[in-house]
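Here is start20.pdb, consisting of PDB, C-alpha atoms, pLDDT in the B column:
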ATOM      1  CA  MET T 667       0.887   0.478  20.148  1.00 95.00           C
ATOM      2  CA  ASN T 668       3.460   1.664  17.650  1.00 98.00           C
ATOM      3  CA  ALA T 669       3.632   2.389  13.923  1.00 98.00           C
ATOM      4  CA  ASN T 670       6.498   2.941  11.526  1.00 98.00           C
ATOM      5  CA  SER T 671       7.190   3.152   7.799  1.00 98.00           C
ATOM      6  CA  THR T 672       9.891   3.321   5.163  1.00 98.00           C
ATOM      7  CA  PHE T 673      10.266   3.545   1.375  1.00 98.00           C
ATOM      8  CA  ILE T 674      13.207   2.805  -0.920  1.00 97.00           C
ATOM      9  CA  ILE T 675      13.952   3.352  -4.583  1.00 98.00           C
ATOM     10  CA  GLY T 676      14.032   0.521  -7.124  1.00 97.00           C
ATOM     11  CA  LYS T 677      17.081  -0.064  -9.303  1.00 95.00           C
ATOM     12  CA  ASP T 678      15.211   0.907 -12.499  1.00 94.00           C
ATOM     13  CA  HIS T 679      14.037   4.254 -11.112  1.00 95.00           C
ATOM     14  CA  ILE T 680      15.724   7.656 -11.060  1.00 95.00           C
ATOM     15  CA  VAL T 681      13.274   9.099  -8.517  1.00 96.00           C
ATOM     16  CA  CYS T 682      11.432   7.121  -5.846  1.00 98.00           C
ATOM     17  CA  GLU T 683       7.726   7.307  -6.648  1.00 98.00           C
ATOM     18  CA  ASP T 684       6.576   5.483  -3.506  1.00 98.00           C
ATOM     19  CA  TYR T 685       5.759   7.132  -0.216  1.00 98.00           C
ATOM     20  CA  ALA T 686       4.815   5.822   3.225  1.00 98.00           C
ATOM     21  CA  LEU T 687       3.973   7.309   6.585  1.00 98.00           C
ATOM     22  CA  ALA T 688       2.814   6.123   9.986  1.00 98.00           C
ATOM     23  CA  TYR T 689       1.457   7.651  13.166  1.00 98.00           C
ATOM     24  CA  THR T 690       0.744   6.507  16.716  1.00 97.00           C
ATOM     25  CA  GLY T 691      -1.794   8.551  18.652  1.00 94.00           C
ATOM     26  CA  PRO T 692      -3.999   8.372  21.737  1.00 93.00           C
ATOM     27  CA  THR T 693      -7.111   7.354  19.775  1.00 93.00           C
ATOM     28  CA  ILE T 694      -5.969   6.293  16.311  1.00 97.00           C
ATOM     29  CA  THR T 695      -2.846   4.668  14.910  1.00 98.00           C
ATOM     30  CA  TYR T 696      -2.355   4.334  11.169  1.00 98.00           C
ATOM     31  CA  ALA T 697      -0.026   3.171   8.413  1.00 98.00           C
ATOM     32  CA  ILE T 698      -0.274   4.511   4.857  1.00 98.00           C
ATOM     33  CA  VAL T 699       1.431   3.565   1.596  1.00 98.00           C
ATOM     34  CA  SER T 700       1.092   5.240  -1.802  1.00 98.00           C
ATOM     35  CA  ASP T 701       2.733   4.025  -5.023  1.00 98.00           C
ATOM     36  CA  GLY T 702       2.928   6.448  -7.940  1.00 98.00           C
ATOM     37  CA  CYS T 703       2.476   5.314 -11.531  1.00 98.00           C
ATOM     38  CA  SER T 704       5.802   5.320 -13.396  1.00 95.00           C
ATOM     39  CA  ALA T 705       4.059   6.155 -16.681  1.00 95.00           C
ATOM     40  CA  SER T 706       2.692   9.443 -15.326  1.00 98.00           C
ATOM     41  CA  LEU T 707       4.537  12.653 -14.471  1.00 98.00           C
ATOM     42  CA  ASP T 708       5.056  14.231 -11.046  1.00 98.00           C
ATOM     43  CA  VAL T 709       3.722  11.165  -9.244  1.00 98.00           C
ATOM     44  CA  ASP T 710       6.488  11.252  -6.630  1.00 98.00           C
ATOM     45  CA  PHE T 711       4.899  14.491  -5.444  1.00 98.00           C
ATOM     46  CA  GLY T 712       1.404  13.131  -6.040  1.00 98.00           C
ATOM     47  CA  ALA T 713       1.950  10.005  -3.948  1.00 98.00           C
ATOM     48  CA  ARG T 714       2.994  12.188  -1.021  1.00 98.00           C
ATOM     49  CA  CYS T 715      -0.019  14.459  -1.480  1.00 98.00           C
ATOM     50  CA  LEU T 716      -2.401  11.514  -1.574  1.00 98.00           C
ATOM     51  CA  ALA T 717      -0.859   9.918   1.530  1.00 98.00           C
ATOM     52  CA  MET T 718      -0.997  13.226   3.389  1.00 98.00           C
ATOM     53  CA  SER T 719      -4.613  13.724   2.339  1.00 98.00           C
ATOM     54  CA  ALA T 720      -5.501  10.255   3.627  1.00 98.00           C
ATOM     55  CA  LYS T 721      -3.746  11.190   6.877  1.00 97.00           C
ATOM     56  CA  ARG T 722      -5.978  14.257   7.127  1.00 96.00           C
ATOM     57  CA  GLU T 723      -9.112  12.168   6.623  1.00 95.00           C
ATOM     58  CA  LEU T 724      -8.070   9.744   9.349  1.00 96.00           C
ATOM     59  CA  ARG T 725      -7.355  12.579  11.773  1.00 94.00           C
ATOM     60  CA  LEU T 726     -10.792  14.043  11.041  1.00 93.00           C
ATOM     61  CA  ASN T 727     -12.511  10.642  11.351  1.00 90.00           C
ATOM     62  CA  PRO T 728     -10.601   8.696  14.016  1.00 91.00           C
ATOM     63  CA  ASP T 729     -13.582   6.408  14.641  1.00 90.00           C
ATOM     64  CA  LEU T 730     -12.830   4.864  11.190  1.00 89.00           C
ATOM     65  CA  LEU T 731     -16.536   4.801  10.351  1.00 85.00           C
ATOM     66  CA  SER T 732     -16.480   7.321   7.525  1.00 85.00           C
ATOM     67  CA  PHE T 733     -13.038   7.056   5.911  1.00 90.00           C
ATOM     68  CA  ASP T 734     -13.358   7.223   2.137  1.00 92.00           C
ATOM     69  CA  GLY T 735     -10.511   7.284  -0.369  1.00 96.00           C
ATOM     70  CA  LYS T 736     -12.592   9.450  -2.700  1.00 96.00           C
ATOM     71  CA  LYS T 737     -12.498  12.246  -0.133  1.00 96.00           C
ATOM     72  CA  ALA T 738      -8.739  11.874   0.110  1.00 97.00           C
ATOM     73  CA  ILE T 739      -8.192  12.129  -3.648  1.00 98.00           C
ATOM     74  CA  THR T 740     -10.584  15.087  -3.967  1.00 97.00           C
ATOM     75  CA  ASN T 741      -8.752  17.031  -1.271  1.00 97.00           C
ATOM     76  CA  ALA T 742      -5.341  16.092  -2.670  1.00 98.00           C
ATOM     77  CA  GLN T 743      -6.309  17.565  -6.035  1.00 98.00           C
ATOM     78  CA  ARG T 744      -6.626  20.994  -4.443  1.00 97.00           C
ATOM     79  CA  VAL T 745      -2.855  21.454  -4.469  1.00 97.00           C
ATOM     80  CA  ILE T 746      -3.146  22.047  -8.224  1.00 96.00           C
ATOM     81  CA  ASP T 747      -4.407  25.542  -7.297  1.00 96.00           C
ATOM     82  CA  VAL T 748      -1.048  26.241  -5.648  1.00 96.00           C
ATOM     83  CA  PHE T 749       1.096  24.328  -8.154  1.00 96.00           C
ATOM     84  CA  PRO T 750      -0.716  24.845 -11.487  1.00 95.00           C
ATOM     85  CA  TYR T 751       2.096  23.399 -13.613  1.00 96.00           C
ATOM     86  CA  LEU T 752       1.818  19.914 -12.172  1.00 97.00           C
ATOM     87  CA  SER T 753       0.902  17.178 -14.615  1.00 97.00           C
ATOM     88  CA  PRO T 754      -2.860  16.492 -14.720  1.00 96.00           C
ATOM     89  CA  GLN T 755      -1.987  12.874 -13.866  1.00 98.00           C
ATOM     90  CA  PHE T 756       0.197  13.664 -10.832  1.00 98.00           C
ATOM     91  CA  LEU T 757      -2.233  11.807  -8.536  1.00 98.00           C
ATOM     92  CA  ASP T 758      -2.035   8.516 -10.437  1.00 98.00           C
ATOM     93  CA  ALA T 759      -1.070   6.513  -7.367  1.00 98.00           C
ATOM     94  CA  THR T 760      -2.320   3.635  -5.281  1.00 98.00           C
ATOM     95  CA  LEU T 761      -3.449   4.167  -1.700  1.00 98.00           C
ATOM     96  CA  LEU T 762      -3.194   1.497   0.996  1.00 98.00           C
ATOM     97  CA  VAL T 763      -4.446   2.497   4.424  1.00 98.00           C
ATOM     98  CA  ALA T 764      -4.439   0.535   7.682  1.00 98.00           C
ATOM     99  CA  ALA T 765      -5.796   2.107  10.859  1.00 98.00           C
ATOM    100  CA  VAL T 766      -6.509   0.915  14.378  1.00 97.00           C
ATOM    101  CA  ASN T 767      -8.787   2.539  16.941  1.00 97.00           C
ATOM    102  CA  GLY T 768      -9.064   0.516  20.125  1.00 96.00           C
ATOM    103  CA  LYS T 769      -9.623  -3.045  18.915  1.00 97.00           C
ATOM    104  CA  HIS T 770     -11.048  -1.987  15.540  1.00 97.00           C
ATOM    105  CA  LEU T 771      -8.860  -2.522  12.473  1.00 97.00           C
ATOM    106  CA  LEU T 772      -9.756  -1.073   9.087  1.00 97.00           C
ATOM    107  CA  VAL T 773      -7.691  -1.653   5.950  1.00 98.00           C
ATOM    108  CA  GLU T 774      -8.671  -0.123   2.604  1.00 97.00           C
ATOM    109  CA  MET T 775      -6.680  -0.867  -0.541  1.00 98.00           C
ATOM    110  CA  TYR T 776      -7.183   1.354  -3.587  1.00 98.00           C
ATOM    111  CA  GLY T 777      -5.110  -0.194  -6.366  1.00 98.00           C
ATOM    112  CA  ASP T 778      -2.653  -3.071  -6.148  1.00 98.00           C
ATOM    113  CA  GLY T 779      -0.422  -4.104  -3.281  1.00 98.00           C
ATOM    114  CA  VAL T 780      -0.203  -6.398  -0.270  1.00 98.00           C
ATOM    115  CA  MET T 781      -1.653  -6.407   3.232  1.00 98.00           C
ATOM    116  CA  VAL T 782      -0.461  -8.649   6.050  1.00 98.00           C
ATOM    117  CA  HIS T 783      -2.188  -9.274   9.382  1.00 98.00           C
ATOM    118  CA  ARG T 784      -0.024 -11.327  11.734  1.00 97.00           C
ATOM    119  CA  LYS T 785      -2.067 -12.723  14.613  1.00 96.00           C
ATOM    120  CA  LYS T 786      -0.990 -14.807  17.573  1.00 93.00           C
ATOM    121  CA  ASP T 787      -1.800 -18.109  15.866  1.00 92.00           C
ATOM    122  CA  SER T 788      -2.089 -17.298  12.152  1.00 94.00           C
ATOM    123  CA  ILE T 789      -1.100 -14.931   9.352  1.00 96.00           C
ATOM    124  CA  VAL T 790      -3.595 -13.416   6.929  1.00 97.00           C
ATOM    125  CA  SER T 791      -2.032 -11.998   3.780  1.00 98.00           C
ATOM    126  CA  VAL T 792      -3.864 -10.337   0.913  1.00 98.00           C
ATOM    127  CA  HIS T 793      -2.497  -9.615  -2.554  1.00 98.00           C
ATOM    128  CA  VAL T 794      -4.502  -7.336  -4.866  1.00 98.00           C
ATOM    129  CA  GLN T 795      -3.666  -7.139  -8.561  1.00 97.00           C
ATOM    130  CA  LEU T 796      -5.337  -6.189 -11.853  1.00 97.00           C
ATOM    131  CA  SER T 797      -5.103  -8.653 -14.733  1.00 95.00           C
ATOM    132  CA  SER T 798      -4.369  -5.841 -17.193  1.00 95.00           C
ATOM    133  CA  GLY T 799      -1.426  -4.685 -15.100  1.00 94.00           C
ATOM    134  CA  ALA T 800      -3.068  -1.242 -14.855  1.00 95.00           C
ATOM    135  CA  PRO T 801      -3.969  -0.431 -11.224  1.00 97.00           C
ATOM    136  CA  ASP T 802      -7.309   1.216 -10.527  1.00 97.00           C
ATOM    137  CA  TYR T 803      -6.120   4.565  -9.239  1.00 98.00           C
ATOM    138  CA  LEU T 804      -8.428   6.808  -7.245  1.00 98.00           C
ATOM    139  CA  SER T 805      -7.484   9.614  -9.641  1.00 98.00           C
ATOM    140  CA  TYR T 806      -9.779   8.131 -12.279  1.00 98.00           C
ATOM    141  CA  HIS T 807     -12.690   9.399 -10.181  1.00 98.00           C
ATOM    142  CA  LEU T 808     -11.491  12.949 -10.877  1.00 98.00           C
ATOM    143  CA  ASP T 809     -11.926  12.709 -14.653  1.00 97.00           C
ATOM    144  CA  PRO T 810     -15.077  11.077 -16.080  1.00 97.00           C
ATOM    145  CA  LEU T 811     -13.431  10.433 -19.466  1.00 98.00           C
ATOM    146  CA  ARG T 812     -10.389   8.721 -17.969  1.00 98.00           C
ATOM    147  CA  LYS T 813     -12.635   6.760 -15.621  1.00 98.00           C
ATOM    148  CA  GLN T 814     -14.803   5.518 -18.489  1.00 97.00           C
ATOM    149  CA  ALA T 815     -11.746   4.611 -20.567  1.00 97.00           C
ATOM    150  CA  TYR T 816     -10.336   2.636 -17.657  1.00 97.00           C
ATOM    151  CA  LEU T 817     -13.583   0.780 -17.070  1.00 96.00           C
ATOM    152  CA  GLU T 818     -13.663  -0.179 -20.751  1.00 96.00           C
ATOM    153  CA  ILE T 819     -10.308  -2.004 -20.636  1.00 96.00           C
ATOM    154  CA  GLU T 820     -11.094  -5.536 -21.784  1.00 92.00           C
ATOM    155  CA  ASP T 821     -10.631  -8.454 -19.412  1.00 90.00           C
ATOM    156  CA  ASN T 822      -9.417  -6.204 -16.616  1.00 95.00           C
ATOM    157  CA  VAL T 823     -10.205  -8.432 -13.660  1.00 95.00           C
ATOM    158  CA  LYS T 824      -9.450  -7.420 -10.099  1.00 96.00           C
ATOM    159  CA  GLU T 825      -7.923 -10.464  -8.455  1.00 97.00           C
ATOM    160  CA  VAL T 826      -7.722 -10.662  -4.679  1.00 98.00           C
ATOM    161  CA  ILE T 827      -5.615 -13.512  -3.302  1.00 98.00           C
ATOM    162  CA  ILE T 828      -6.300 -14.227   0.366  1.00 97.00           C
ATOM    163  CA  ARG T 829      -4.007 -16.574   2.270  1.00 97.00           C
ATOM    164  CA  GLU T 830      -4.509 -17.729   5.852  1.00 94.00           C
ATOM    165  CA  GLY T 831      -2.087 -20.372   6.989  1.00 85.00           C
ATOM    166  CA  ASP T 832      -2.014 -23.092   4.336  1.00 86.00           C
ATOM    167  CA  LYS T 833      -5.349 -22.065   2.858  1.00 93.00           C
ATOM    168  CA  GLU T 834      -5.601 -19.811  -0.190  1.00 95.00           C
ATOM    169  CA  SER T 835      -8.657 -18.383  -1.898  1.00 96.00           C
ATOM    170  CA  ILE T 836      -8.965 -16.146  -4.938  1.00 96.00           C
ATOM    171  CA  ARG T 837     -11.780 -13.650  -5.315  1.00 95.00           C
ATOM    172  CA  ASN T 838     -12.639 -12.084  -8.661  1.00 94.00           C
ATOM    173  CA  ASP T 839     -15.901 -10.423  -7.600  1.00 92.00           C
ATOM    174  CA  TYR T 840     -14.380  -7.013  -6.885  1.00 93.00           C
ATOM    175  CA  ALA T 841     -15.086  -4.536  -9.661  1.00 92.00           C
ATOM    176  CA  PRO T 842     -12.231  -2.288 -10.807  1.00 92.00           C
ATOM    177  CA  LEU T 843     -12.292   0.990  -8.854  1.00 96.00           C
ATOM    178  CA  ASP T 844     -13.902  -0.728  -5.856  1.00 95.00           C
ATOM    179  CA  PRO T 845     -11.470  -0.915  -2.929  1.00 96.00           C
ATOM    180  CA  PHE T 846     -10.627  -4.092  -1.091  1.00 97.00           C
ATOM    181  CA  ILE T 847     -11.753  -3.583   2.508  1.00 97.00           C
ATOM    182  CA  TYR T 848     -10.597  -5.621   5.489  1.00 97.00           C
ATOM    183  CA  ASP T 849     -12.592  -4.756   8.617  1.00 97.00           C
ATOM    184  CA  THR T 850     -11.978  -6.793  11.756  1.00 97.00           C
ATOM    185  CA  THR T 851     -10.811  -6.731  15.356  1.00 97.00           C
ATOM    186  CA  VAL T 852      -7.259  -6.943  16.677  1.00 98.00           C
ATOM    187  CA  ALA T 853      -5.593  -8.227  19.823  1.00 97.00           C
ATOM    188  CA  GLU T 854      -2.485  -7.149  21.675  1.00 97.00           C
ATOM    189  CA  GLY T 855       0.617  -8.241  19.786  1.00 96.00           C
ATOM    190  CA  ASP T 856      -1.034  -8.251  16.343  1.00 98.00           C
ATOM    191  CA  VAL T 857       0.975  -6.764  13.470  1.00 98.00           C
ATOM    192  CA  ILE T 858      -0.630  -5.172  10.421  1.00 98.00           C
ATOM    193  CA  ALA T 859       1.431  -4.112   7.414  1.00 98.00           C
ATOM    194  CA  VAL T 860       0.664  -2.608   4.016  1.00 98.00           C
ATOM    195  CA  ILE T 861       3.232  -2.987   1.233  1.00 98.00           C
ATOM    196  CA  SER T 862       3.354  -1.566  -2.291  1.00 98.00           C
ATOM    197  CA  ASP T 863       3.365  -3.871  -5.300  1.00 98.00           C
ATOM    198  CA  GLY T 864       7.114  -3.419  -5.619  1.00 98.00           C
ATOM    199  CA  ILE T 865       7.236  -6.583  -3.526  1.00 98.00           C
ATOM    200  CA  ASN T 866       6.584  -8.372  -6.836  1.00 98.00           C
ATOM    201  CA  SER T 867       9.769  -7.047  -8.450  1.00 98.00           C
ATOM    202  CA  PHE T 868      12.400  -9.002  -6.498  1.00 98.00           C
ATOM    203  CA  ARG T 869      14.694 -11.323  -8.419  1.00 98.00           C
ATOM    204  CA  LYS T 870      17.475 -13.695  -7.449  1.00 98.00           C
ATOM    205  CA  MET T 871      21.006 -13.415  -8.793  1.00 97.00           C
ATOM    206  CA  ASN T 872      20.073 -15.778 -11.657  1.00 97.00           C
ATOM    207  CA  ASN T 873      17.122 -13.462 -12.508  1.00 97.00           C
ATOM    208  CA  ASP T 874      14.470 -15.884 -11.265  1.00 98.00           C
ATOM    209  CA  PRO T 875      11.539 -13.962  -9.753  1.00 98.00           C
ATOM    210  CA  ILE T 876      10.864 -14.300  -6.034  1.00 98.00           C
ATOM    211  CA  PRO T 877       7.149 -14.810  -5.247  1.00 97.00           C
ATOM    212  CA  TRP T 878       5.618 -12.220  -2.950  1.00 97.00           C
ATOM    213  CA  THR T 879       4.562 -15.029  -0.627  1.00 96.00           C
ATOM    214  CA  ASP T 880       8.233 -15.805   0.029  1.00 96.00           C
ATOM    215  CA  LEU T 881       8.866 -12.211   1.099  1.00 97.00           C
ATOM    216  CA  VAL T 882       6.096 -11.690   3.647  1.00 97.00           C
ATOM    217  CA  GLU T 883       8.352 -12.866   6.469  1.00 95.00           C
ATOM    218  CA  GLU T 884      11.169 -10.592   5.335  1.00 97.00           C
ATOM    219  CA  PHE T 885       8.889  -7.560   5.446  1.00 98.00           C
ATOM    220  CA  THR T 886       6.902  -8.294   8.628  1.00 97.00           C
ATOM    221  CA  SER T 887       8.898 -10.506  11.028  1.00 94.00           C
ATOM    222  CA  TYR T 888       9.951  -7.700  13.349  1.00 95.00           C
ATOM    223  CA  LYS T 889      12.287  -8.676  16.201  1.00 92.00           C
ATOM    224  CA  THR T 890      11.344  -5.686  18.345  1.00 94.00           C
ATOM    225  CA  PHE T 891       8.641  -3.059  18.062  1.00 96.00           C
ATOM    226  CA  GLU T 892      10.297   0.028  19.490  1.00 95.00           C
ATOM    227  CA  GLY T 893      11.256   3.060  17.425  1.00 96.00           C
ATOM    228  CA  ASP T 894      11.827   2.599  13.695  1.00 97.00           C
ATOM    229  CA  PHE T 895      11.068  -1.115  13.668  1.00 98.00           C
ATOM    230  CA  VAL T 896       9.992  -1.232  10.018  1.00 98.00           C
ATOM    231  CA  MET T 897      13.056   0.663   8.864  1.00 97.00           C
ATOM    232  CA  ARG T 898      15.335  -1.693  10.828  1.00 97.00           C
ATOM    233  CA  ARG T 899      13.718  -4.773   9.300  1.00 97.00           C
ATOM    234  CA  ILE T 900      13.916  -3.479   5.732  1.00 97.00           C
ATOM    235  CA  THR T 901      17.501  -2.283   6.247  1.00 96.00           C
ATOM    236  CA  ALA T 902      18.483  -5.766   7.440  1.00 97.00           C
ATOM    237  CA  PHE T 903      16.706  -7.303   4.444  1.00 97.00           C
ATOM    238  CA  LYS T 904      18.561  -4.952   2.084  1.00 97.00           C
ATOM    239  CA  ARG T 905      21.857  -6.174   3.529  1.00 97.00           C
ATOM    240  CA  LYS T 906      20.746  -9.746   2.864  1.00 97.00           C
ATOM    241  CA  CYS T 907      19.816  -8.808  -0.704  1.00 97.00           C
ATOM    242  CA  LEU T 908      23.252  -7.304  -1.332  1.00 97.00           C
ATOM    243  CA  LYS T 909      24.930 -10.401   0.052  1.00 97.00           C
ATOM    244  CA  GLU T 910      22.834 -12.805  -2.052  1.00 97.00           C
ATOM    245  CA  GLY T 911      22.644 -10.724  -5.228  1.00 98.00           C
ATOM    246  CA  ILE T 912      18.900 -10.109  -4.914  1.00 98.00           C
ATOM    247  CA  THR T 913      17.559  -7.002  -6.644  1.00 98.00           C
ATOM    248  CA  HIS T 914      14.224  -5.220  -6.966  1.00 98.00           C
ATOM    249  CA  SER T 915      13.445  -3.139 -10.024  1.00 97.00           C
ATOM    250  CA  ASP T 916      10.475  -1.278  -8.568  1.00 98.00           C
ATOM    251  CA  ASP T 917      10.261   1.099  -5.613  1.00 98.00           C
ATOM    252  CA  ILE T 918       9.196  -0.420  -2.318  1.00 98.00           C
ATOM    253  CA  SER T 919       7.158   1.123   0.476  1.00 98.00           C
ATOM    254  CA  CYS T 920       6.029  -0.511   3.692  1.00 98.00           C
ATOM    255  CA  ALA T 921       4.142   0.802   6.711  1.00 98.00           C
ATOM    256  CA  ALA T 922       3.112  -1.230   9.740  1.00 98.00           C
ATOM    257  CA  ILE T 923       1.280  -1.121  13.047  1.00 98.00           C
ATOM    258  CA  VAL T 924       1.954  -3.275  16.101  1.00 98.00           C
ATOM    259  CA  VAL T 925      -0.948  -3.400  18.530  1.00 97.00           C
TER
END

Render the structure in this file as structure tokens.
Amino acid sequence: MNANSTFIIGKDHIVCEDYALAYTGPTITYAIVSDGCSASLDVDFGARCLAMSAKRELRLNPDLLSFDGKKAITNAQRVIDVFPYLSPQFLDATLLVAAVNGKHLLVEMYGDGVMVHRKKDSIVSVHVQLSSGAPDYLSYHLDPLRKQAYLEIEDNVKEVIIREGDKESIRNDYAPLDPFIYDTTVAEGDVIAVISDGINSFRKMNNDPIPWTDLVEEFTSYKTFEGDFVMRRITAFKRKCLKEGITHSDDISCAAIVV
């Protein structure tokens, strides 16, 4: 078992507002991604706090039976006592968590982004997006007025695209602020990755957008699984982008587990 992560700044950003971390342990292995909202202040710090808080929850609950993003956001908010001049919206960030304990895999996605589960004979990929373009951040649970205002956004549908092989299904039955949860078993050799929605910001030299589905291989087809395998893959992809004139406007973060 191994896990690794990396995050890189987008060309339209001055500060990278994504964060990712990974850990391989004797009982639990996890991969975490958090993507801060560019419209809010101090979210580069907030994304790190939220990811670290999720890490704490996983360490406290390695059996994966009681992980809850609401606990992570509540604990992350406590840093405001130490840093009182942070923006009230510093925790406006998505949270994507993948964790493995034994053969048990749990993925929870709070906000938009992509999950990939590469099995021996198939690939499951999940894309979560909000029709309004406004992700459902966990931080809305911290402020009843902001939460109510978010829930009142008209026609804000949570769309979950699930692809397995050549089959694709779209689910619209997830309410905003409800996480997408993927709970299954894994086998040796499986790869699980979580990727921020910056994967949607890639464009060719002629400015044509590149669909996220065309980038899954670039982000998850690891040649080896030792050491910083995610960082090596993304570094190689960046070299390809430079050669072909491909750019990405948004920050990118990716964290993965190989069983």

Residues of region 675-761 of chain T that have any atom at most 12 Å from an atom of region 836-858 of chain T: could you tabulate them with the shortest-distance atom pair and the distance in Å to one decimal, using only C-alpha atoms, ordered by chain and increasing number, as CSV?
residue,atom,partner,partner_atom,distance
T:Ala688,CA,T:Ile858,CA,11.8
T:Thr695,CA,T:Ile858,CA,11.0
T:Tyr696,CA,T:Ile858,CA,9.7
T:Ala697,CA,T:Ile858,CA,8.6
T:Ile698,CA,T:Ile858,CA,11.2
T:Leu730,CA,T:Asp849,CA,10.0
T:Leu731,CA,T:Asp849,CA,10.5
T:Phe733,CA,T:Ile847,CA,11.2
T:Asp734,CA,T:Pro845,CA,9.8
T:Gly735,CA,T:Pro845,CA,8.6
T:Lys736,CA,T:Pro845,CA,10.4
T:Thr760,CA,T:Pro845,CA,10.5
T:Leu761,CA,T:Pro845,CA,9.6

Pick from T:Val699, T:Ala705, T:Ala686, T:Ile746, whichever lies nearest to Gly777 (chain T) using only C-alpha atoms: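 Once distances to Gly777 (chain T) are computed over only C-alpha atoms, the minimum belongs to T:Val699.
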
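Coordinates place CA of Cys682 (chain T) at a distance of 17.0 Å from CA of Ser753 (chain T).
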
Atom pair CA of Ser719 (chain T) / CA of Glu818 (chain T): separation (Å):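 One can read the CA of Ser719 (chain T) to CA of Glu818 (chain T) distance as 28.4 Å.
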
Radius query 10 Å about (10.5, -1.3, 19.2), atoms used: all atoms listed in the file, as an MDAnalysis selection string: chainID T and resid 667:670 888:896 898 924

Result set, the PyMOL selection byres ((chain T and resi 680) around 12) on current file, as a ChimeraX atom specification: /T:674-679,681-683,704,710,915-917

Length of the CA of Lys833 (chain T) to CA of Leu796 (chain T) vector [Å]: 21.6 Å

Nearest-residue call for Glu884 (chain T), choices T:Ile923, T:Arg905, T:Glu825, T:Asn872, using only C-alpha atoms: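 Using only C-alpha atoms, the shortest distance to Glu884 (chain T) belongs to T:Arg905.
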
Residue nearest Asn873 (chain T) - candidates T:Ser835, T:Arg812, T:Thr913, T:Leu908, atoms counted: only C-alpha atoms: T:Thr913

Nearby residues, (5.7, 8.6, -10.0) file frame, 8 Å, only C-alpha atoms, as a count of residues only: 20

Taking the block just given, write region 765-780 of chain T to a file that holds N, CA and C atoms, as a PDB file, in the first residue's frame.
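Output contents, as saved in selection.pdb:
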ATOM      1  N   ALA T 765     -10.100   6.876   1.725  1.00  0.00           N
ATOM      2  CA  ALA T 765      -9.378   6.162   2.776  1.00  0.00           C
ATOM      3  C   ALA T 765      -9.590   4.663   2.631  1.00  0.00           C
ATOM      4  N   VAL T 766      -8.548   3.919   2.929  1.00  0.00           N
ATOM      5  CA  VAL T 766      -8.603   2.459   2.851  1.00  0.00           C
ATOM      6  C   VAL T 766      -8.146   1.880   4.180  1.00  0.00           C
ATOM      7  N   ASN T 767      -8.939   0.945   4.699  1.00  0.00           N
ATOM      8  CA  ASN T 767      -8.574   0.174   5.881  1.00  0.00           C
ATOM      9  C   ASN T 767      -8.820  -1.287   5.531  1.00  0.00           C
ATOM     10  N   GLY T 768      -7.752  -2.056   5.409  1.00  0.00           N
ATOM     11  CA  GLY T 768      -7.907  -3.436   4.970  1.00  0.00           C
ATOM     12  C   GLY T 768      -8.399  -3.475   3.537  1.00  0.00           C
ATOM     13  N   LYS T 769      -9.562  -4.038   3.326  1.00  0.00           N
ATOM     14  CA  LYS T 769     -10.188  -4.077   1.996  1.00  0.00           C
ATOM     15  C   LYS T 769     -11.347  -3.088   1.868  1.00  0.00           C
ATOM     16  N   HIS T 770     -11.525  -2.259   2.887  1.00  0.00           N
ATOM     17  CA  HIS T 770     -12.637  -1.297   2.899  1.00  0.00           C
ATOM     18  C   HIS T 770     -12.181   0.043   2.336  1.00  0.00           C
ATOM     19  N   LEU T 771     -12.869   0.512   1.310  1.00  0.00           N
ATOM     20  CA  LEU T 771     -12.612   1.829   0.729  1.00  0.00           C
ATOM     21  C   LEU T 771     -13.794   2.739   1.000  1.00  0.00           C
ATOM     22  N   LEU T 772     -13.496   3.930   1.509  1.00  0.00           N
ATOM     23  CA  LEU T 772     -14.509   4.963   1.696  1.00  0.00           C
ATOM     24  C   LEU T 772     -14.038   6.235   1.018  1.00  0.00           C
ATOM     25  N   VAL T 773     -14.890   6.790   0.153  1.00  0.00           N
ATOM     26  CA  VAL T 773     -14.633   8.086  -0.466  1.00  0.00           C
ATOM     27  C   VAL T 773     -15.800   8.999  -0.130  1.00  0.00           C
ATOM     28  N   GLU T 774     -15.512  10.194   0.371  1.00  0.00           N
ATOM     29  CA  GLU T 774     -16.549  11.192   0.621  1.00  0.00           C
ATOM     30  C   GLU T 774     -16.138  12.479  -0.071  1.00  0.00           C
ATOM     31  N   MET T 775     -17.064  13.033  -0.856  1.00  0.00           N
ATOM     32  CA  MET T 775     -16.792  14.228  -1.645  1.00  0.00           C
ATOM     33  C   MET T 775     -17.736  15.344  -1.218  1.00  0.00           C
ATOM     34  N   TYR T 776     -17.182  16.364  -0.587  1.00  0.00           N
ATOM     35  CA  TYR T 776     -17.942  17.532  -0.151  1.00  0.00           C
ATOM     36  C   TYR T 776     -17.598  18.676  -1.098  1.00  0.00           C
ATOM     37  N   GLY T 777     -18.501  18.983  -2.020  1.00  0.00           N
ATOM     38  CA  GLY T 777     -18.215  19.957  -3.059  1.00  0.00           C
ATOM     39  C   GLY T 777     -17.893  19.256  -4.363  1.00  0.00           C
ATOM     40  N   ASP T 778     -17.379  20.014  -5.337  1.00  0.00           N
ATOM     41  CA  ASP T 778     -17.150  19.446  -6.660  1.00  0.00           C
ATOM     42  C   ASP T 778     -15.757  18.833  -6.776  1.00  0.00           C
ATOM     43  N   GLY T 779     -15.584  18.036  -7.817  1.00  0.00           N
ATOM     44  CA  GLY T 779     -14.306  17.385  -8.047  1.00  0.00           C
ATOM     45  C   GLY T 779     -14.499  16.038  -8.707  1.00  0.00           C
ATOM     46  N   VAL T 780     -13.426  15.264  -8.767  1.00  0.00           N
ATOM     47  CA  VAL T 780     -13.424  13.983  -9.468  1.00  0.00           C
ATOM     48  C   VAL T 780     -12.815  12.905  -8.585  1.00  0.00           C
TER      49      VAL T 780
END
